[in-house]
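Asker: Next comes work.txt, compact mmCIF, N, CA and C atoms:
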```txt
# COMPACT_ATOMS: atom_id res chain seq x y z
N MET A 1 28.67 24.90 -8.68
CA MET A 1 29.07 23.52 -8.77
C MET A 1 27.87 22.71 -9.23
N ALA A 2 28.01 22.01 -10.30
CA ALA A 2 26.92 21.17 -10.78
C ALA A 2 26.89 19.89 -9.98
N GLY A 3 25.73 19.30 -9.86
CA GLY A 3 25.61 18.01 -9.20
C GLY A 3 25.46 18.13 -7.70
N VAL A 4 26.47 17.66 -6.97
CA VAL A 4 26.39 17.54 -5.53
C VAL A 4 27.32 18.55 -4.88
N ALA A 5 26.83 19.21 -3.84
CA ALA A 5 27.67 20.13 -3.07
C ALA A 5 28.15 19.40 -1.83
N GLY A 6 29.43 19.49 -1.54
CA GLY A 6 29.98 18.81 -0.38
C GLY A 6 29.67 19.55 0.91
N GLY A 7 29.53 18.80 1.96
CA GLY A 7 29.27 19.39 3.27
C GLY A 7 27.80 19.66 3.49
N ARG A 8 27.42 19.63 4.74
CA ARG A 8 26.01 19.86 5.05
C ARG A 8 25.77 21.30 5.46
N LEU A 9 24.58 21.73 5.20
CA LEU A 9 24.11 23.05 5.61
C LEU A 9 23.35 22.85 6.92
N VAL A 10 23.82 23.47 7.99
CA VAL A 10 23.21 23.31 9.31
C VAL A 10 22.40 24.56 9.62
N LEU A 11 21.11 24.35 9.92
CA LEU A 11 20.19 25.45 10.19
C LEU A 11 19.48 25.22 11.52
N PRO A 12 19.02 26.29 12.14
CA PRO A 12 18.17 26.09 13.32
C PRO A 12 16.86 25.44 12.89
N LEU A 13 16.13 24.87 13.83
CA LEU A 13 14.84 24.29 13.49
C LEU A 13 13.90 25.38 12.98
N PRO A 14 13.28 25.17 11.84
CA PRO A 14 12.33 26.17 11.35
C PRO A 14 11.04 26.13 12.17
N PRO A 15 10.32 27.23 12.19
CA PRO A 15 9.00 27.18 12.82
C PRO A 15 8.09 26.29 11.98
N THR A 16 7.10 25.72 12.60
CA THR A 16 6.18 24.85 11.87
C THR A 16 5.17 25.70 11.11
N GLY A 17 4.44 25.05 10.24
CA GLY A 17 3.38 25.74 9.52
C GLY A 17 2.35 26.33 10.46
N ASN A 18 2.21 25.73 11.64
CA ASN A 18 1.24 26.22 12.62
C ASN A 18 1.68 27.52 13.29
N THR A 19 2.99 27.79 13.32
CA THR A 19 3.49 28.97 14.03
C THR A 19 4.16 29.99 13.12
N SER A 20 4.23 29.72 11.81
CA SER A 20 4.93 30.65 10.93
C SER A 20 4.04 31.77 10.39
N HIS A 21 2.75 31.58 10.48
CA HIS A 21 1.80 32.60 10.00
C HIS A 21 0.65 32.73 10.97
N ARG A 22 0.02 33.89 10.94
CA ARG A 22 -1.19 34.08 11.74
C ARG A 22 -2.15 34.98 10.97
N VAL A 23 -3.39 34.88 11.33
CA VAL A 23 -4.43 35.67 10.69
C VAL A 23 -4.72 36.89 11.56
N VAL A 24 -4.74 38.06 10.94
CA VAL A 24 -5.05 39.30 11.65
C VAL A 24 -6.17 40.02 10.92
N ARG A 25 -6.88 40.82 11.66
CA ARG A 25 -7.95 41.63 11.07
C ARG A 25 -7.35 42.96 10.65
N ALA A 26 -7.59 43.32 9.39
CA ALA A 26 -7.16 44.61 8.85
C ALA A 26 -8.42 45.35 8.41
N GLY A 27 -9.01 46.07 9.35
CA GLY A 27 -10.29 46.72 9.06
C GLY A 27 -11.37 45.67 8.95
N ALA A 28 -12.03 45.61 7.82
CA ALA A 28 -13.08 44.63 7.60
C ALA A 28 -12.55 43.34 6.98
N ARG A 29 -11.28 43.33 6.63
CA ARG A 29 -10.68 42.16 5.96
C ARG A 29 -9.81 41.36 6.92
N LEU A 30 -9.59 40.13 6.57
CA LEU A 30 -8.63 39.28 7.28
C LEU A 30 -7.40 39.15 6.41
N ALA A 31 -6.23 39.15 7.04
CA ALA A 31 -4.98 39.02 6.31
C ALA A 31 -4.10 37.98 7.00
N VAL A 32 -3.34 37.24 6.23
CA VAL A 32 -2.38 36.28 6.76
C VAL A 32 -1.02 36.96 6.77
N VAL A 33 -0.37 36.98 7.93
CA VAL A 33 0.93 37.63 8.05
C VAL A 33 1.96 36.64 8.57
N THR A 34 3.21 36.86 8.18
CA THR A 34 4.32 36.04 8.66
C THR A 34 4.67 36.49 10.07
N THR A 35 4.88 35.52 10.95
CA THR A 35 5.20 35.84 12.35
C THR A 35 6.65 36.31 12.46
N PRO A 36 6.98 37.04 13.52
CA PRO A 36 8.37 37.44 13.75
C PRO A 36 9.31 36.23 13.85
N GLN A 37 8.82 35.13 14.43
CA GLN A 37 9.63 33.91 14.54
C GLN A 37 10.01 33.39 13.15
N ALA A 38 9.07 33.38 12.23
CA ALA A 38 9.35 32.90 10.87
C ALA A 38 10.28 33.85 10.13
N ARG A 39 10.07 35.16 10.30
CA ARG A 39 10.96 36.14 9.65
C ARG A 39 12.39 35.98 10.16
N ALA A 40 12.55 35.78 11.46
CA ALA A 40 13.89 35.61 12.03
C ALA A 40 14.55 34.33 11.50
N PHE A 41 13.77 33.25 11.39
CA PHE A 41 14.33 32.01 10.85
C PHE A 41 14.78 32.21 9.41
N ARG A 42 13.94 32.84 8.60
CA ARG A 42 14.28 33.05 7.19
C ARG A 42 15.56 33.87 7.04
N GLU A 43 15.70 34.89 7.86
CA GLU A 43 16.91 35.71 7.79
C GLU A 43 18.15 34.91 8.20
N GLU A 44 18.07 34.19 9.31
CA GLU A 44 19.20 33.38 9.77
C GLU A 44 19.55 32.29 8.75
N ALA A 45 18.53 31.61 8.24
CA ALA A 45 18.75 30.55 7.25
C ALA A 45 19.37 31.11 5.98
N GLY A 46 18.94 32.28 5.57
CA GLY A 46 19.50 32.92 4.37
C GLY A 46 20.98 33.22 4.53
N TRP A 47 21.36 33.77 5.69
CA TRP A 47 22.78 34.06 5.93
C TRP A 47 23.61 32.79 5.97
N ARG A 48 23.10 31.78 6.66
CA ARG A 48 23.85 30.51 6.73
C ARG A 48 23.96 29.85 5.35
N ALA A 49 22.90 29.93 4.57
CA ALA A 49 22.92 29.33 3.23
C ALA A 49 23.90 30.06 2.31
N ARG A 50 23.98 31.38 2.42
CA ARG A 50 24.95 32.13 1.61
C ARG A 50 26.38 31.74 1.99
N ALA A 51 26.64 31.60 3.26
CA ALA A 51 27.98 31.19 3.71
C ALA A 51 28.29 29.78 3.22
N TRP A 52 27.32 28.88 3.32
CA TRP A 52 27.50 27.50 2.85
C TRP A 52 27.75 27.48 1.35
N ARG A 53 26.99 28.28 0.61
CA ARG A 53 27.17 28.36 -0.84
C ARG A 53 28.58 28.80 -1.19
N GLY A 54 29.11 29.78 -0.46
CA GLY A 54 30.47 30.24 -0.70
C GLY A 54 31.52 29.18 -0.39
N ARG A 55 31.30 28.42 0.69
CA ARG A 55 32.26 27.37 1.08
C ARG A 55 32.26 26.20 0.11
N THR A 56 31.08 25.85 -0.41
CA THR A 56 30.97 24.64 -1.23
C THR A 56 31.05 24.90 -2.73
N GLY A 57 30.86 26.14 -3.14
CA GLY A 57 30.85 26.44 -4.57
C GLY A 57 29.51 26.15 -5.23
N TRP A 58 28.48 25.90 -4.43
CA TRP A 58 27.15 25.62 -4.99
C TRP A 58 26.65 26.83 -5.79
N ARG A 59 26.17 26.55 -6.97
CA ARG A 59 25.51 27.58 -7.78
C ARG A 59 24.06 27.17 -7.98
N PRO A 60 23.14 28.10 -7.79
CA PRO A 60 21.74 27.74 -8.01
C PRO A 60 21.54 27.20 -9.43
N PRO A 61 20.85 26.08 -9.56
CA PRO A 61 20.62 25.53 -10.90
C PRO A 61 19.68 26.41 -11.69
N GLU A 62 19.65 26.18 -12.99
CA GLU A 62 18.76 26.93 -13.86
C GLU A 62 17.32 26.71 -13.45
N ALA A 63 16.48 27.70 -13.68
CA ALA A 63 15.06 27.56 -13.37
C ALA A 63 14.50 26.34 -14.08
N GLY A 64 13.73 25.56 -13.38
CA GLY A 64 13.13 24.37 -13.95
C GLY A 64 13.95 23.11 -13.73
N ALA A 65 15.18 23.24 -13.22
CA ALA A 65 16.00 22.07 -12.94
C ALA A 65 15.67 21.59 -11.52
N PRO A 66 15.33 20.32 -11.36
CA PRO A 66 14.98 19.82 -10.03
C PRO A 66 16.19 19.76 -9.11
N VAL A 67 15.93 19.96 -7.83
CA VAL A 67 16.96 19.89 -6.78
C VAL A 67 16.46 18.94 -5.70
N ALA A 68 17.26 17.96 -5.34
CA ALA A 68 16.93 17.08 -4.22
C ALA A 68 17.50 17.70 -2.96
N LEU A 69 16.68 17.80 -1.94
CA LEU A 69 17.12 18.34 -0.65
C LEU A 69 16.81 17.30 0.42
N TRP A 70 17.85 16.60 0.89
CA TRP A 70 17.69 15.66 1.98
C TRP A 70 17.90 16.43 3.28
N PHE A 71 17.14 16.09 4.30
CA PHE A 71 17.37 16.76 5.57
C PHE A 71 17.20 15.81 6.74
N TRP A 72 17.99 16.08 7.75
CA TRP A 72 17.98 15.34 9.01
C TRP A 72 17.50 16.30 10.08
N VAL A 73 16.57 15.86 10.89
CA VAL A 73 16.01 16.70 11.94
C VAL A 73 16.53 16.24 13.29
N PHE A 74 17.03 17.18 14.07
CA PHE A 74 17.49 16.92 15.43
C PHE A 74 16.58 17.71 16.37
N TRP A 75 15.63 17.00 16.98
CA TRP A 75 14.63 17.63 17.85
C TRP A 75 15.24 17.97 19.21
N PRO A 76 14.64 18.94 19.91
CA PRO A 76 15.15 19.28 21.25
C PRO A 76 14.73 18.28 22.33
N ASP A 77 13.67 17.50 22.05
CA ASP A 77 13.19 16.52 23.03
C ASP A 77 12.37 15.47 22.29
N ARG A 78 11.79 14.56 23.02
CA ARG A 78 11.07 13.43 22.42
C ARG A 78 9.56 13.69 22.23
N ARG A 79 9.13 14.93 22.36
CA ARG A 79 7.71 15.22 22.12
C ARG A 79 7.32 14.84 20.70
N ARG A 80 6.07 14.51 20.52
CA ARG A 80 5.57 14.13 19.20
C ARG A 80 5.53 15.35 18.29
N ARG A 81 6.15 15.23 17.12
CA ARG A 81 6.17 16.32 16.14
C ARG A 81 6.00 15.75 14.74
N ASP A 82 5.58 16.59 13.83
CA ASP A 82 5.36 16.20 12.45
C ASP A 82 6.42 16.85 11.57
N VAL A 83 7.30 16.05 10.99
CA VAL A 83 8.37 16.56 10.14
C VAL A 83 7.81 17.35 8.96
N ALA A 84 6.68 16.92 8.43
CA ALA A 84 6.11 17.59 7.25
C ALA A 84 5.78 19.05 7.52
N ASN A 85 5.53 19.42 8.77
CA ASN A 85 5.22 20.81 9.10
C ASN A 85 6.43 21.72 9.00
N LEU A 86 7.63 21.16 8.96
CA LEU A 86 8.86 21.97 8.84
C LEU A 86 9.18 22.32 7.39
N ILE A 87 8.71 21.51 6.48
CA ILE A 87 9.14 21.62 5.08
C ILE A 87 8.81 22.97 4.43
N PRO A 88 7.59 23.49 4.54
CA PRO A 88 7.31 24.76 3.84
C PRO A 88 8.23 25.90 4.26
N GLU A 89 8.44 26.06 5.54
CA GLU A 89 9.27 27.18 6.00
C GLU A 89 10.74 26.95 5.62
N LEU A 90 11.20 25.71 5.67
CA LEU A 90 12.58 25.38 5.27
C LEU A 90 12.79 25.72 3.80
N LEU A 91 11.88 25.29 2.93
CA LEU A 91 12.02 25.56 1.50
C LEU A 91 11.92 27.04 1.19
N ASN A 92 10.98 27.74 1.83
CA ASN A 92 10.84 29.17 1.59
C ASN A 92 12.08 29.96 2.01
N ALA A 93 12.71 29.55 3.09
CA ALA A 93 13.88 30.27 3.58
C ALA A 93 15.07 30.16 2.63
N LEU A 94 15.17 29.06 1.90
CA LEU A 94 16.32 28.84 1.01
C LEU A 94 16.06 29.29 -0.43
N GLU A 95 14.80 29.61 -0.72
CA GLU A 95 14.43 30.06 -2.06
C GLU A 95 15.11 31.40 -2.36
N GLY A 96 15.68 31.50 -3.55
CA GLY A 96 16.38 32.72 -3.95
C GLY A 96 17.83 32.74 -3.50
N VAL A 97 18.21 31.78 -2.68
CA VAL A 97 19.60 31.69 -2.22
C VAL A 97 20.26 30.44 -2.81
N LEU A 98 19.61 29.28 -2.65
CA LEU A 98 20.17 28.03 -3.16
C LEU A 98 19.46 27.51 -4.40
N TYR A 99 18.28 28.03 -4.67
CA TYR A 99 17.53 27.68 -5.87
C TYR A 99 16.57 28.82 -6.15
N ALA A 100 16.16 28.91 -7.41
CA ALA A 100 15.33 30.04 -7.82
C ALA A 100 13.89 29.93 -7.33
N ASP A 101 13.36 28.71 -7.32
CA ASP A 101 11.94 28.53 -7.00
C ASP A 101 11.77 27.20 -6.28
N ASP A 102 11.16 27.21 -5.10
CA ASP A 102 11.02 25.96 -4.35
C ASP A 102 10.04 24.99 -5.01
N ARG A 103 9.41 25.42 -6.08
CA ARG A 103 8.55 24.52 -6.86
C ARG A 103 9.35 23.32 -7.38
N TRP A 104 10.63 23.52 -7.62
CA TRP A 104 11.47 22.48 -8.22
C TRP A 104 12.27 21.69 -7.21
N VAL A 105 12.03 21.90 -5.93
CA VAL A 105 12.77 21.20 -4.88
C VAL A 105 12.00 19.95 -4.44
N LEU A 106 12.71 18.86 -4.33
CA LEU A 106 12.14 17.60 -3.88
C LEU A 106 12.68 17.32 -2.48
N PRO A 107 11.93 17.69 -1.43
CA PRO A 107 12.43 17.48 -0.07
C PRO A 107 12.30 16.02 0.34
N ARG A 108 13.34 15.54 1.02
CA ARG A 108 13.36 14.15 1.46
C ARG A 108 13.87 14.10 2.90
N ALA A 109 12.99 13.76 3.82
CA ALA A 109 13.42 13.60 5.21
C ALA A 109 14.21 12.31 5.30
N ALA A 110 15.47 12.41 5.74
CA ALA A 110 16.35 11.24 5.78
C ALA A 110 16.30 10.53 7.12
N ALA A 111 16.27 11.29 8.21
CA ALA A 111 16.28 10.68 9.53
C ALA A 111 15.92 11.72 10.58
N MET A 112 15.65 11.22 11.80
CA MET A 112 15.37 12.08 12.94
C MET A 112 16.17 11.57 14.13
N ALA A 113 16.52 12.49 15.01
CA ALA A 113 17.20 12.13 16.25
C ALA A 113 16.86 13.21 17.27
N VAL A 114 17.25 12.99 18.50
CA VAL A 114 17.05 13.98 19.56
C VAL A 114 18.41 14.49 19.99
N ASP A 115 18.55 15.82 20.00
CA ASP A 115 19.78 16.46 20.47
C ASP A 115 19.38 17.71 21.26
N PRO A 116 19.13 17.57 22.56
CA PRO A 116 18.67 18.72 23.35
C PRO A 116 19.66 19.88 23.38
N ALA A 117 20.93 19.58 23.21
CA ALA A 117 21.96 20.63 23.26
C ALA A 117 21.99 21.46 21.98
N ALA A 118 21.59 20.86 20.86
CA ALA A 118 21.68 21.59 19.58
C ALA A 118 20.58 21.14 18.63
N PRO A 119 19.32 21.50 18.89
CA PRO A 119 18.26 21.16 17.93
C PRO A 119 18.52 21.88 16.61
N ARG A 120 18.32 21.17 15.51
CA ARG A 120 18.69 21.75 14.21
C ARG A 120 18.14 20.90 13.08
N VAL A 121 18.33 21.41 11.87
CA VAL A 121 18.08 20.67 10.64
C VAL A 121 19.38 20.70 9.85
N GLU A 122 19.82 19.55 9.39
CA GLU A 122 21.01 19.47 8.55
C GLU A 122 20.55 19.10 7.14
N CYS A 123 20.98 19.87 6.16
CA CYS A 123 20.53 19.70 4.78
C CYS A 123 21.68 19.30 3.87
N TRP A 124 21.36 18.56 2.85
CA TRP A 124 22.30 18.13 1.82
C TRP A 124 21.58 18.27 0.49
N LEU A 125 22.18 19.00 -0.44
CA LEU A 125 21.53 19.29 -1.72
C LEU A 125 22.26 18.65 -2.89
N SER A 126 21.49 18.31 -3.92
CA SER A 126 22.07 17.75 -5.13
C SER A 126 21.12 17.98 -6.31
N THR A 127 21.71 18.17 -7.47
CA THR A 127 20.90 18.19 -8.69
C THR A 127 20.87 16.81 -9.33
N ASP A 128 21.63 15.87 -8.77
CA ASP A 128 21.61 14.48 -9.20
C ASP A 128 20.56 13.76 -8.36
N LEU A 129 19.38 13.55 -8.91
CA LEU A 129 18.27 13.01 -8.13
C LEU A 129 18.48 11.58 -7.71
N ALA A 130 19.43 10.87 -8.32
CA ALA A 130 19.70 9.49 -7.94
C ALA A 130 20.75 9.40 -6.83
N ALA A 131 21.39 10.50 -6.53
CA ALA A 131 22.45 10.48 -5.51
C ALA A 131 21.85 10.27 -4.13
N TRP A 132 22.62 9.68 -3.26
CA TRP A 132 22.23 9.57 -1.85
C TRP A 132 23.42 9.99 -1.03
N PRO A 133 23.24 10.82 -0.04
CA PRO A 133 24.39 11.29 0.74
C PRO A 133 25.03 10.16 1.53
N PRO A 134 26.36 10.18 1.61
CA PRO A 134 27.04 9.18 2.43
C PRO A 134 26.66 9.34 3.89
N ALA A 135 26.80 8.28 4.67
CA ALA A 135 26.39 8.28 6.08
C ALA A 135 27.06 9.39 6.87
N GLU A 136 28.33 9.71 6.57
CA GLU A 136 29.02 10.75 7.32
C GLU A 136 28.42 12.13 7.09
N GLU A 137 27.69 12.31 5.99
CA GLU A 137 27.03 13.58 5.73
C GLU A 137 25.86 13.80 6.69
N ALA A 138 25.33 12.71 7.25
CA ALA A 138 24.15 12.81 8.11
C ALA A 138 24.51 13.23 9.53
N GLY A 139 25.75 13.43 9.83
CA GLY A 139 26.12 13.85 11.16
C GLY A 139 25.84 12.76 12.20
N GLY A 140 25.78 11.51 11.74
CA GLY A 140 25.57 10.41 12.67
C GLY A 140 24.13 10.25 13.12
N ALA A 141 23.19 10.87 12.45
CA ALA A 141 21.78 10.76 12.86
C ALA A 141 21.31 9.32 12.69
N GLU A 142 20.54 8.86 13.65
CA GLU A 142 19.99 7.53 13.56
C GLU A 142 18.52 7.63 13.18
N GLN A 143 18.04 6.62 12.47
CA GLN A 143 16.64 6.60 12.09
C GLN A 143 15.78 6.51 13.35
N GLY A 144 14.64 7.13 13.30
CA GLY A 144 13.72 7.08 14.45
C GLY A 144 13.66 8.40 15.15
N GLY A 145 13.00 8.49 16.26
CA GLY A 145 12.88 9.77 16.92
C GLY A 145 12.46 9.64 18.27
```
Translate this file's structure into structure tokens.
Answerer:
Amino acid sequence: MAGVAGGRLVLPLPPTGNTSHRVVRAGARLAVVTTPQARAFREEAGWRARAWRGRTGWRPPEAGAPVALWFWVFWPDRRRRDVANLIPELLNALEGVLYADDRWVLPRAAAMAVDPAAPRVECWLSTDLAAWPPAEEAGGAEQGG
């Protein structure tokens, strides 16, 4: 489907950049490895994204075509968190499923809310960079956190 895909993609909260990788010693060298938490998120996000793609008819755009990805974050509590730390793992998890290369994705945090019962990230994608998702697409998220 060119342009805008209907419906939101709901994912669990991704691990932050601080918890998605760790440095380990491999003999005399140091290596950066992906944590089990990040691998589990990527697998779950990939399955959910494939199901969403099938429901909405979304087709990955051609390489080099920009994709706008708006997202709403629903935190488990009111602790201080940085939304920007979620972006790398979120984009990496959807790469190869919803777009060819996350280099062409323009992430846009739309809003934050607290939902202790169901912490999550809700995503809305479009190849129309001027589009803005209707309020009902946001799942009722209110600005702030």
Asker: Find the spatial neighbours of A:Glu89, counting all atoms listed in the file, within a cut-off of 7 Å - ignore same-chain residues fewer than 6 positions away - and output them as a PyMOL selection string.
Answerer: chain A and resi 14-17
Asker: Just list as a count of residues only whatever in stretch 14-144 of chain A DSSP marks as helix (DSSP H, G or I).
Answerer: 39
Asker: So which residues touch A:Pro66 within 6.5 Å, counting only N, CA and C atoms, skipping near sequence neighbours fewer than 6 positions away, as a PyMOL selection string?
Answerer: chain A and resi 104-106+126-127
Asker: Pick the closest to A:Arg103 from A:Leu86, A:Val24, A:Val33, A:Leu91: which is it, counting only N, CA and C atoms?
Answerer: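 Ranking A:Leu86, A:Val24, A:Val33, A:Leu91 by distance to A:Arg103, first place goes to A:Leu91.
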Asker: From the DSSP assignment of the backbone, select every residue of stretch 1-47 of chain A that is strand (DSSP E), and format the answer as number ranges by chain.
Answerer: A: 9-11, 21-26, 29-34
Asker: Kindly indicate which residue among A:Pro88, A:Ala131, A:Gly46, A:Ala111 lies nearest to A:His21, using only C-alpha atoms for the distances.
Answerer: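 When distances to A:His21 are compared using only C-alpha atoms, the smallest one comes from A:Pro88.
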Asker: For A:Pro76, which residue among A:Arg42, A:Arg108, A:Arg29, A:Arg120 is the nearest when counting all atoms listed in the file?
Answerer: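 Residue with the minimum atom-to-atom distance to A:Pro76: A:Arg120.
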Asker: Quick one: of A:Trp58, A:Trp124, A:Trp70, A:Trp75, who's nearest to A:Leu98, counting only N, CA and C atoms?
Answerer: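 Closest candidate: A:Trp58.
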Asker: Contacts of A:Asp77 at 7 Å or less, counting all atoms listed in the file, minus same-chain residues fewer than 6 places along, as a PyMOL selection string?
Answerer: chain A and resi 114-116
Asker: Output N, CA and C atoms for every residue in the selection just made, as a short mmCIF file (atom, residue, chain, number, x, y, z; two decimals), in the coordinates of the input.
Answerer:
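For reference, out-v7.cif as written:
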```cif
data_model
loop_
_atom_site.label_atom_id
_atom_site.label_comp_id
_atom_site.auth_asym_id
_atom_site.auth_seq_id
_atom_site.Cartn_x
_atom_site.Cartn_y
_atom_site.Cartn_z
N VAL A 114 17.25 12.99 18.50
CA VAL A 114 17.05 13.98 19.56
C VAL A 114 18.41 14.49 19.99
N ASP A 115 18.55 15.82 20.00
CA ASP A 115 19.78 16.46 20.47
C ASP A 115 19.38 17.71 21.26
N PRO A 116 19.13 17.57 22.56
CA PRO A 116 18.67 18.72 23.35
C PRO A 116 19.66 19.88 23.38
#
```
Asker: Using all atoms listed in the file, pick whichever of A:Ala130, A:Leu13, A:Ala51, A:Ala113 has the shortest atom-to-atom distance to A:Leu90.
Answerer: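 When distances to A:Leu90 are compared using all atoms listed in the file, the smallest one comes from A:Leu13.
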Asker: May I ask which of the residues A:Phe74, A:Trp47, A:Gly7, A:Ala65 is the closest one to A:Val121, counting all atoms listed in the file?
Answerer: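 Under the stated criterion, the closest residue is A:Phe74.
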Asker: Can you tell me how far atom CA of A:Leu9 sits from atom CA of A:Met112, in Å to one decimal?
Answerer: 15.8 Å
Asker: Interatomic distance between atom CA of A:Ala100 and atom CA of A:Gly64?
Answerer: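 One can read the atom CA of A:Ala100 to atom CA of A:Gly64 distance as 8.6 Å.
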Asker: In Å, rounded to a single decimal, give me how far atom C of A:Pro61 is from atom N of A:Leu129.
Answerer: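 Atom-to-atom, atom N of A:Leu129 and atom C of A:Pro61 are spaced 13.2 Å apart.
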